[in-house]
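*Asks:* Just one file: query31.txt, with compact mmCIF, C-alpha atoms.
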```
# COMPACT_ATOMS: atom_id res chain seq x y z
CA MET A 1 -47.10 25.72 -2.29
CA SER A 2 -49.71 23.13 -1.46
CA HIS A 3 -49.45 20.98 1.66
CA GLN A 4 -49.25 17.89 -0.54
CA ALA A 5 -46.36 19.34 -2.60
CA HIS A 6 -44.49 20.26 0.60
CA ARG A 7 -44.82 16.71 1.90
CA SER A 8 -43.62 15.38 -1.47
CA GLU A 9 -40.42 17.46 -1.16
CA GLU A 10 -39.86 16.18 2.37
CA THR A 11 -40.09 12.58 1.25
CA GLN A 12 -37.40 13.23 -1.40
CA GLU A 13 -34.89 14.54 1.14
CA PRO A 14 -32.27 12.02 2.23
CA GLU A 15 -32.83 10.48 5.60
CA THR A 16 -30.76 11.88 8.46
CA PRO A 17 -27.87 9.54 9.26
CA HIS A 18 -27.71 7.83 12.63
CA LEU A 19 -26.22 10.41 15.00
CA ASP A 20 -26.60 8.99 18.48
CA PHE A 21 -24.00 6.41 19.55
CA GLN A 22 -23.00 4.99 22.89
CA GLY A 23 -19.40 6.07 23.44
CA THR A 24 -17.25 6.77 20.38
CA THR A 25 -18.52 6.47 16.80
CA PRO A 26 -17.94 3.31 14.74
CA TYR A 27 -15.77 5.45 12.44
CA GLU A 28 -13.54 6.42 15.35
CA ASP A 29 -13.39 2.83 16.59
CA TYR A 30 -12.11 1.70 13.17
CA VAL A 31 -9.89 4.60 12.02
CA ARG A 32 -8.65 5.79 15.43
CA ALA A 33 -8.73 9.34 14.08
CA ASP A 34 -8.63 10.84 17.56
CA VAL A 35 -5.32 9.06 18.19
CA LEU A 36 -3.89 10.08 14.82
CA THR A 37 -4.82 13.73 15.12
CA HIS A 38 -3.34 14.09 18.60
CA LEU A 39 0.07 12.60 17.82
CA GLN A 40 1.49 15.95 16.69
CA GLN A 41 3.62 17.40 19.48
CA THR A 42 5.58 20.28 17.99
CA LEU A 43 8.75 21.42 19.76
CA SER A 44 9.18 24.91 18.33
CA ASP A 45 7.06 28.02 17.89
CA ASP A 46 7.44 27.95 14.12
CA PRO A 47 4.12 27.25 12.32
CA GLY A 48 5.95 25.36 9.56
CA GLU A 49 6.99 22.60 11.96
CA MET A 50 3.43 21.20 11.97
CA VAL A 51 3.58 20.56 8.22
CA PHE A 52 6.97 18.87 8.56
CA LEU A 53 5.78 16.66 11.42
CA VAL A 54 2.48 15.61 9.81
CA THR A 55 4.13 14.94 6.44
CA THR A 56 6.73 12.74 8.12
CA GLN A 57 4.03 10.83 10.00
CA VAL A 58 2.08 10.32 6.76
CA MET A 59 5.23 8.91 5.17
CA GLU A 60 5.55 6.45 8.04
CA LEU A 61 1.99 5.25 7.37
CA TRP A 62 2.78 4.73 3.69
CA PHE A 63 5.95 2.81 4.65
CA THR A 64 3.76 0.55 6.78
CA VAL A 65 1.29 -0.29 4.02
CA ILE A 66 4.04 -0.79 1.42
CA VAL A 67 5.85 -3.22 3.74
CA HIS A 68 2.54 -5.04 4.12
CA GLU A 69 2.16 -5.31 0.31
CA TRP A 70 5.72 -6.52 -0.27
CA GLU A 71 5.46 -9.10 2.50
CA THR A 72 2.16 -10.25 0.97
CA ALA A 73 3.89 -10.52 -2.43
CA SER A 74 6.83 -12.43 -0.91
CA ARG A 75 4.49 -14.93 0.72
CA ALA A 76 2.56 -15.40 -2.53
CA LEU A 77 5.80 -16.01 -4.45
CA ARG A 78 6.89 -18.66 -1.93
CA GLU A 79 3.56 -20.38 -2.56
CA ASP A 80 3.87 -20.07 -6.37
CA ARG A 81 0.85 -17.75 -6.54
CA VAL A 82 2.31 -15.34 -9.06
CA PRO A 83 -0.96 -13.50 -9.94
CA ALA A 84 -1.52 -12.74 -6.24
CA ALA A 85 2.05 -11.44 -5.96
CA ILE A 86 1.60 -9.25 -9.04
CA ASP A 87 -1.65 -7.85 -7.58
CA ALA A 88 0.11 -6.92 -4.31
CA LEU A 89 3.00 -5.33 -6.20
CA LYS A 90 0.61 -3.33 -8.39
CA ARG A 91 -1.11 -2.03 -5.27
CA SER A 92 2.28 -1.02 -3.90
CA VAL A 93 3.01 0.90 -7.12
CA ARG A 94 -0.06 3.07 -6.51
CA GLU A 95 0.99 3.49 -2.88
CA LEU A 96 4.54 4.44 -3.89
CA HIS A 97 3.09 7.15 -6.11
CA ALA A 98 1.20 8.48 -3.07
CA LEU A 99 4.32 8.21 -0.89
CA ASN A 100 6.37 10.15 -3.41
CA GLU A 101 3.71 12.86 -3.60
CA SER A 102 4.16 13.27 0.16
CA TRP A 103 7.33 15.22 -0.59
CA ARG A 104 5.28 18.03 -2.17
CA PRO A 105 4.63 20.01 1.07
CA LEU A 106 8.36 19.92 1.89
CA ALA A 107 9.86 20.09 -1.59
CA HIS A 108 10.40 23.87 -1.61
CA LEU A 109 11.65 24.51 1.90
CA THR A 110 14.30 27.24 2.01
CA PRO A 111 17.25 26.96 4.41
CA ALA A 112 15.77 29.73 6.54
CA GLN A 113 12.40 27.95 6.80
CA PHE A 114 14.00 24.62 7.70
CA ASN A 115 16.42 26.19 10.17
CA SER A 116 13.52 27.79 12.05
CA TYR A 117 12.61 24.38 13.53
CA ARG A 118 15.56 22.14 12.63
CA SER A 119 16.88 22.28 16.20
CA ALA A 120 13.65 20.57 17.35
CA LEU A 121 14.79 17.42 15.52
CA GLY A 122 17.92 17.14 17.63
CA GLU A 123 19.70 14.03 16.35
CA GLY A 124 16.51 12.72 14.72
CA SER A 125 16.82 11.68 11.08
CA GLY A 126 14.74 9.76 8.56
CA PHE A 127 17.36 7.02 8.25
CA GLN A 128 16.43 6.04 11.83
CA SER A 129 12.93 5.01 10.68
CA ALA A 130 12.45 1.33 11.53
CA MET A 131 9.64 0.88 9.01
CA TYR A 132 11.65 2.47 6.22
CA ARG A 133 14.52 0.14 7.13
CA ARG A 134 12.14 -2.81 6.74
CA MET A 135 11.31 -1.52 3.27
CA GLU A 136 15.00 -1.40 2.39
CA PHE A 137 15.57 -4.89 3.77
CA LEU A 138 12.71 -6.21 1.61
CA LEU A 139 14.43 -4.62 -1.40
CA GLY A 140 17.65 -6.52 -0.61
CA GLU A 141 19.49 -3.56 0.96
CA LYS A 142 20.55 -5.51 4.05
CA SER A 143 22.96 -4.27 6.73
CA SER A 144 23.19 -5.56 10.29
CA SER A 145 24.63 -2.21 11.41
CA MET A 146 21.27 -0.61 10.66
CA LEU A 147 19.81 -2.48 13.64
CA VAL A 148 22.05 -0.56 16.06
CA PRO A 149 19.89 2.61 16.32
CA HIS A 150 16.92 0.47 17.42
CA ARG A 151 18.50 -1.39 20.34
CA GLY A 152 16.50 0.73 22.77
CA ALA A 153 13.17 -0.21 21.12
CA PRO A 154 12.77 -3.99 21.65
CA ARG A 155 9.79 -4.53 19.33
CA ALA A 156 11.26 -2.57 16.42
CA HIS A 157 14.65 -4.22 16.92
CA ALA A 158 13.12 -7.71 16.95
CA GLU A 159 11.09 -7.05 13.80
CA LEU A 160 14.14 -5.69 11.99
CA GLU A 161 16.34 -8.58 13.09
CA LYS A 162 13.73 -11.01 11.79
CA ALA A 163 13.54 -9.15 8.47
CA LEU A 164 17.35 -9.09 8.21
CA HIS A 165 17.53 -12.89 8.27
CA GLU A 166 14.56 -13.51 5.98
CA PRO A 167 14.78 -13.65 2.17
CA SER A 168 14.13 -10.32 0.52
CA LEU A 169 11.35 -9.85 -2.02
CA TYR A 170 13.91 -10.25 -4.80
CA ASP A 171 15.30 -13.43 -3.21
CA GLU A 172 11.80 -14.89 -3.41
CA VAL A 173 11.53 -13.84 -7.05
CA LEU A 174 14.82 -15.56 -7.94
CA ARG A 175 13.82 -18.73 -6.07
CA LEU A 176 10.58 -18.77 -8.05
CA LEU A 177 12.51 -18.42 -11.33
CA ALA A 178 14.68 -21.38 -10.32
CA ARG A 179 11.62 -23.50 -9.51
CA ARG A 180 10.25 -22.63 -12.95
CA GLY A 181 13.37 -24.09 -14.56
CA HIS A 182 15.48 -20.98 -15.13
CA PRO A 183 19.24 -21.31 -14.47
CA VAL A 184 19.61 -19.11 -11.40
CA PRO A 185 23.03 -20.02 -9.93
CA ASP A 186 23.19 -21.95 -6.66
CA ALA A 187 25.47 -19.28 -5.19
CA VAL A 188 22.59 -16.81 -5.50
CA LEU A 189 19.89 -19.22 -4.31
CA HIS A 190 21.85 -20.23 -1.21
CA ARG A 191 23.52 -16.92 -0.38
CA ASP A 192 23.52 -15.41 3.10
CA VAL A 193 20.27 -13.42 2.89
CA SER A 194 21.34 -11.16 5.78
CA LEU A 195 23.86 -9.54 3.42
CA ARG A 196 23.19 -6.95 0.73
CA TYR A 197 22.25 -8.49 -2.60
CA GLU A 198 24.99 -8.23 -5.23
CA PRO A 199 24.25 -8.39 -8.99
CA SER A 200 24.95 -11.57 -10.92
CA GLU A 201 25.69 -11.83 -14.66
CA ARG A 202 23.92 -15.20 -14.75
CA VAL A 203 20.79 -13.72 -13.19
CA GLU A 204 21.03 -10.96 -15.78
CA ALA A 205 21.08 -13.67 -18.48
CA VAL A 206 17.88 -15.17 -17.03
CA TRP A 207 16.06 -11.86 -17.26
CA THR A 208 17.48 -11.28 -20.76
CA ALA A 209 15.98 -14.60 -21.88
CA LEU A 210 12.62 -13.79 -20.28
CA TYR A 211 12.48 -10.35 -21.88
CA SER A 212 13.45 -11.81 -25.25
CA GLY A 213 10.46 -14.13 -25.13
CA ASP A 214 6.71 -13.60 -24.86
CA PRO A 215 5.98 -10.23 -23.17
CA ALA A 216 2.66 -11.64 -21.94
CA ASP A 217 4.43 -14.44 -20.07
CA GLU A 218 3.62 -14.43 -16.36
CA LEU A 219 7.25 -14.08 -15.33
CA ALA A 220 7.91 -11.28 -17.80
CA ARG A 221 4.92 -9.41 -16.37
CA LEU A 222 6.30 -10.00 -12.88
CA GLY A 223 9.58 -8.49 -14.03
CA GLU A 224 7.81 -5.39 -15.33
CA VAL A 225 5.86 -4.69 -12.15
CA LEU A 226 9.08 -5.17 -10.17
CA THR A 227 10.69 -2.60 -12.49
CA ASP A 228 7.81 -0.22 -11.75
CA VAL A 229 8.52 -0.65 -8.04
CA ALA A 230 12.25 -0.12 -8.55
CA GLU A 231 11.70 3.04 -10.58
CA LEU A 232 9.44 4.57 -7.94
CA VAL A 233 11.91 3.72 -5.16
CA TRP A 234 14.61 5.46 -7.20
CA ARG A 235 12.32 8.49 -7.61
CA TRP A 236 11.66 8.50 -3.84
CA ARG A 237 15.39 8.58 -3.13
CA ASN A 238 15.97 11.34 -5.65
CA ASP A 239 13.08 13.45 -4.37
CA HIS A 240 14.52 13.06 -0.86
CA LEU A 241 17.92 14.14 -2.16
CA VAL A 242 16.57 17.21 -3.97
CA ALA A 243 14.38 18.31 -1.04
CA THR A 244 17.33 17.96 1.35
CA ARG A 245 19.73 19.76 -0.96
CA ARG A 246 17.26 22.62 -1.29
CA ALA A 247 16.56 22.90 2.46
CA MET A 248 20.08 22.52 3.87
CA GLY A 249 22.65 22.41 1.08
CA ALA A 250 25.72 20.32 1.90
CA LYS A 251 25.50 20.67 5.69
CA PRO A 252 25.73 17.45 7.78
CA GLY A 253 22.45 15.59 8.27
CA THR A 254 20.48 15.92 11.50
CA GLY A 255 21.31 12.33 12.46
CA GLY A 256 25.05 12.80 12.04
CA SER A 257 25.19 11.44 8.47
CA ALA A 258 26.92 13.24 5.61
CA GLY A 259 23.54 14.65 4.59
CA VAL A 260 23.35 15.21 0.84
CA ALA A 261 26.48 13.09 0.22
CA TRP A 262 24.81 10.13 1.96
CA LEU A 263 21.62 10.58 -0.07
CA GLU A 264 23.56 10.92 -3.34
CA LYS A 265 25.21 7.58 -2.69
CA ARG A 266 21.82 5.97 -1.97
CA ALA A 267 20.25 7.48 -5.09
CA GLN A 268 22.89 5.85 -7.31
CA LYS A 269 21.89 2.33 -6.26
CA ASN A 270 19.54 0.40 -8.53
CA VAL A 271 16.88 -1.79 -6.95
CA PHE A 272 16.61 -5.26 -8.60
CA PRO A 273 19.74 -4.42 -10.66
CA GLU A 274 19.59 -7.17 -13.30
CA LEU A 275 16.13 -6.05 -14.37
CA TRP A 276 17.82 -2.88 -15.61
CA THR A 277 21.06 -4.22 -17.06
CA ALA A 278 19.30 -7.07 -18.92
CA ARG A 279 17.56 -4.51 -21.13
CA SER A 280 20.87 -3.74 -22.84
CA HIS A 281 20.97 -7.32 -24.17
CA VAL A 282 17.42 -7.72 -25.49
```
Represent the structure of the file as structure tokens.

*Replies:*
Amino acid sequence: MSHQAHRSEETQEPETPHLDFQGTTPYEDYVRADVLTHLQQTLSDDPGEMVFLVTTQVMELWFTVIVHEWETASRALREDRVPAAIDALKRSVRELHALNESWRPLAHLTPAQFNSYRSALGEGSGFQSAMYRRMEFLLGEKSSSMLVPHRGAPRAHAELEKALHEPSLYDEVLRLLARRGHPVPDAVLHRDVSLRYEPSERVEAVWTALYSGDPADELARLGEVLTDVAELVWRWRNDHLVATRRAMGAKPGTGGSAGVAWLEKRAQKNVFPELWTARSHV
């Protein structure tokens, strides 16, 4: 090979990235990977516990971003920026898909595998997750008793108490419909938002009218993306139920709940209920 050809090859090679930094790398400064990858403190000798712990932590991160999207959508709805709300909800749909896929590493745990590190959880249970509780509150599943486990964590308790007394995502949707001239009843618009949302036949009639009209209408499209969210939340609850049933059968849950019986009850609840029942009347 000639010297000229060798130099030509050298010039075609990509330049070496910048390798020398003062202190940590810009990537580390932004992502905090060193913090994330040193949060795993296993409490048993079983190698499967690491997968359980990391998967649970990944779920917490997805809860955080989904809460961010739904709060963004709620704010946009209050400001009558429906396209911005739909965009945030569509992002959350993709994130819910990723959250639901997080069950895959745990979906086939046998009782023996789970029992090998279950004692490390002590009384720990997923229903104690403050960020997941914020998700449920945004969906209208309000309960002041769910603040009790967080009394020892002032920041989490304060955030949950604030979320308890704020309108849910669905409350903001119904207020928007009322501002757009749809007959949402006053009892719904002025309800105590710290209580669980209960279905209304008159709200069902509003959605029936919207779904009977132009499917390209902005509010009909909002209803569909909300239905996408509701479906994926239902799938999350069912995947949780199936994974738990497979790993521990009907034994009591680690946090003292009824375990599978508790999850079965949760899985039967529809999110944004009138969006589902209205379809029977279109």

*Asks:* Would you mind listing what lies within 8 Å of Asp239 in chain A as number ranges by chain, with all atoms listed in the file counted and same-chain residues fewer than 5 positions away left out?

*Replies:* A: 100, 103, 107

*Asks:* For range 30-45 of chain A, work out the shell of residues within 7 Å, counting all atoms listed in the file and skipping chain neighbours fewer than 5 positions away, then give it as a list in words.

*Replies:*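 Using all atoms listed in the file, the neighbours found are Met50, Leu53, Val54, Tyr117 and Ala120 of chain A.
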
*Asks:* Let me make sure I understand: among A:Ala98, A:Met59, A:Met135, A:Leu164, which one has the smallest atom-to-atom distance to Glu71 in chain A if we use all atoms listed in the file?

*Replies:*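 Ranking A:Ala98, A:Met59, A:Met135, A:Leu164 by distance to Glu71 in chain A, first place goes to A:Met135.
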
*Asks:* Of the residues A:Gln22, A:Phe63, A:Leu226, A:Val271, which is the one nearest to Ser102 in chain A, using only C-alpha atoms?

*Replies:*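 Closest to Ser102 in chain A of all the choices is A:Phe63.
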
*Asks:* I'd like the neighbourhood of Trp276 in chain A as a PyMOL selection string, where a residue qualifies if any of its atoms comes within 12 Å (using all atoms listed in the file), though same-chain residues fewer than 3 positions away should be ignored.

*Replies:* chain A and resi 199+201+203-205+207-208+211+223-224+226-228+230-231+269-273+279-282

*Asks:* Can you measure CA of Thr72 in chain A to CA of Tyr132 in chain A for me? One decimal in Å is fine.

*Replies:*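 If I compute the distance from CA of Thr72 in chain A to CA of Tyr132 in chain A, I get 16.7 Å.
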
*Asks:* Taking all atoms listed in the file into account, which of A:Ser200, A:Thr64, A:Ser168, A:Ser212 comes nearest Phe137 in chain A?

*Replies:*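 Counting all atoms listed in the file, the residue closest to Phe137 in chain A is A:Ser168.
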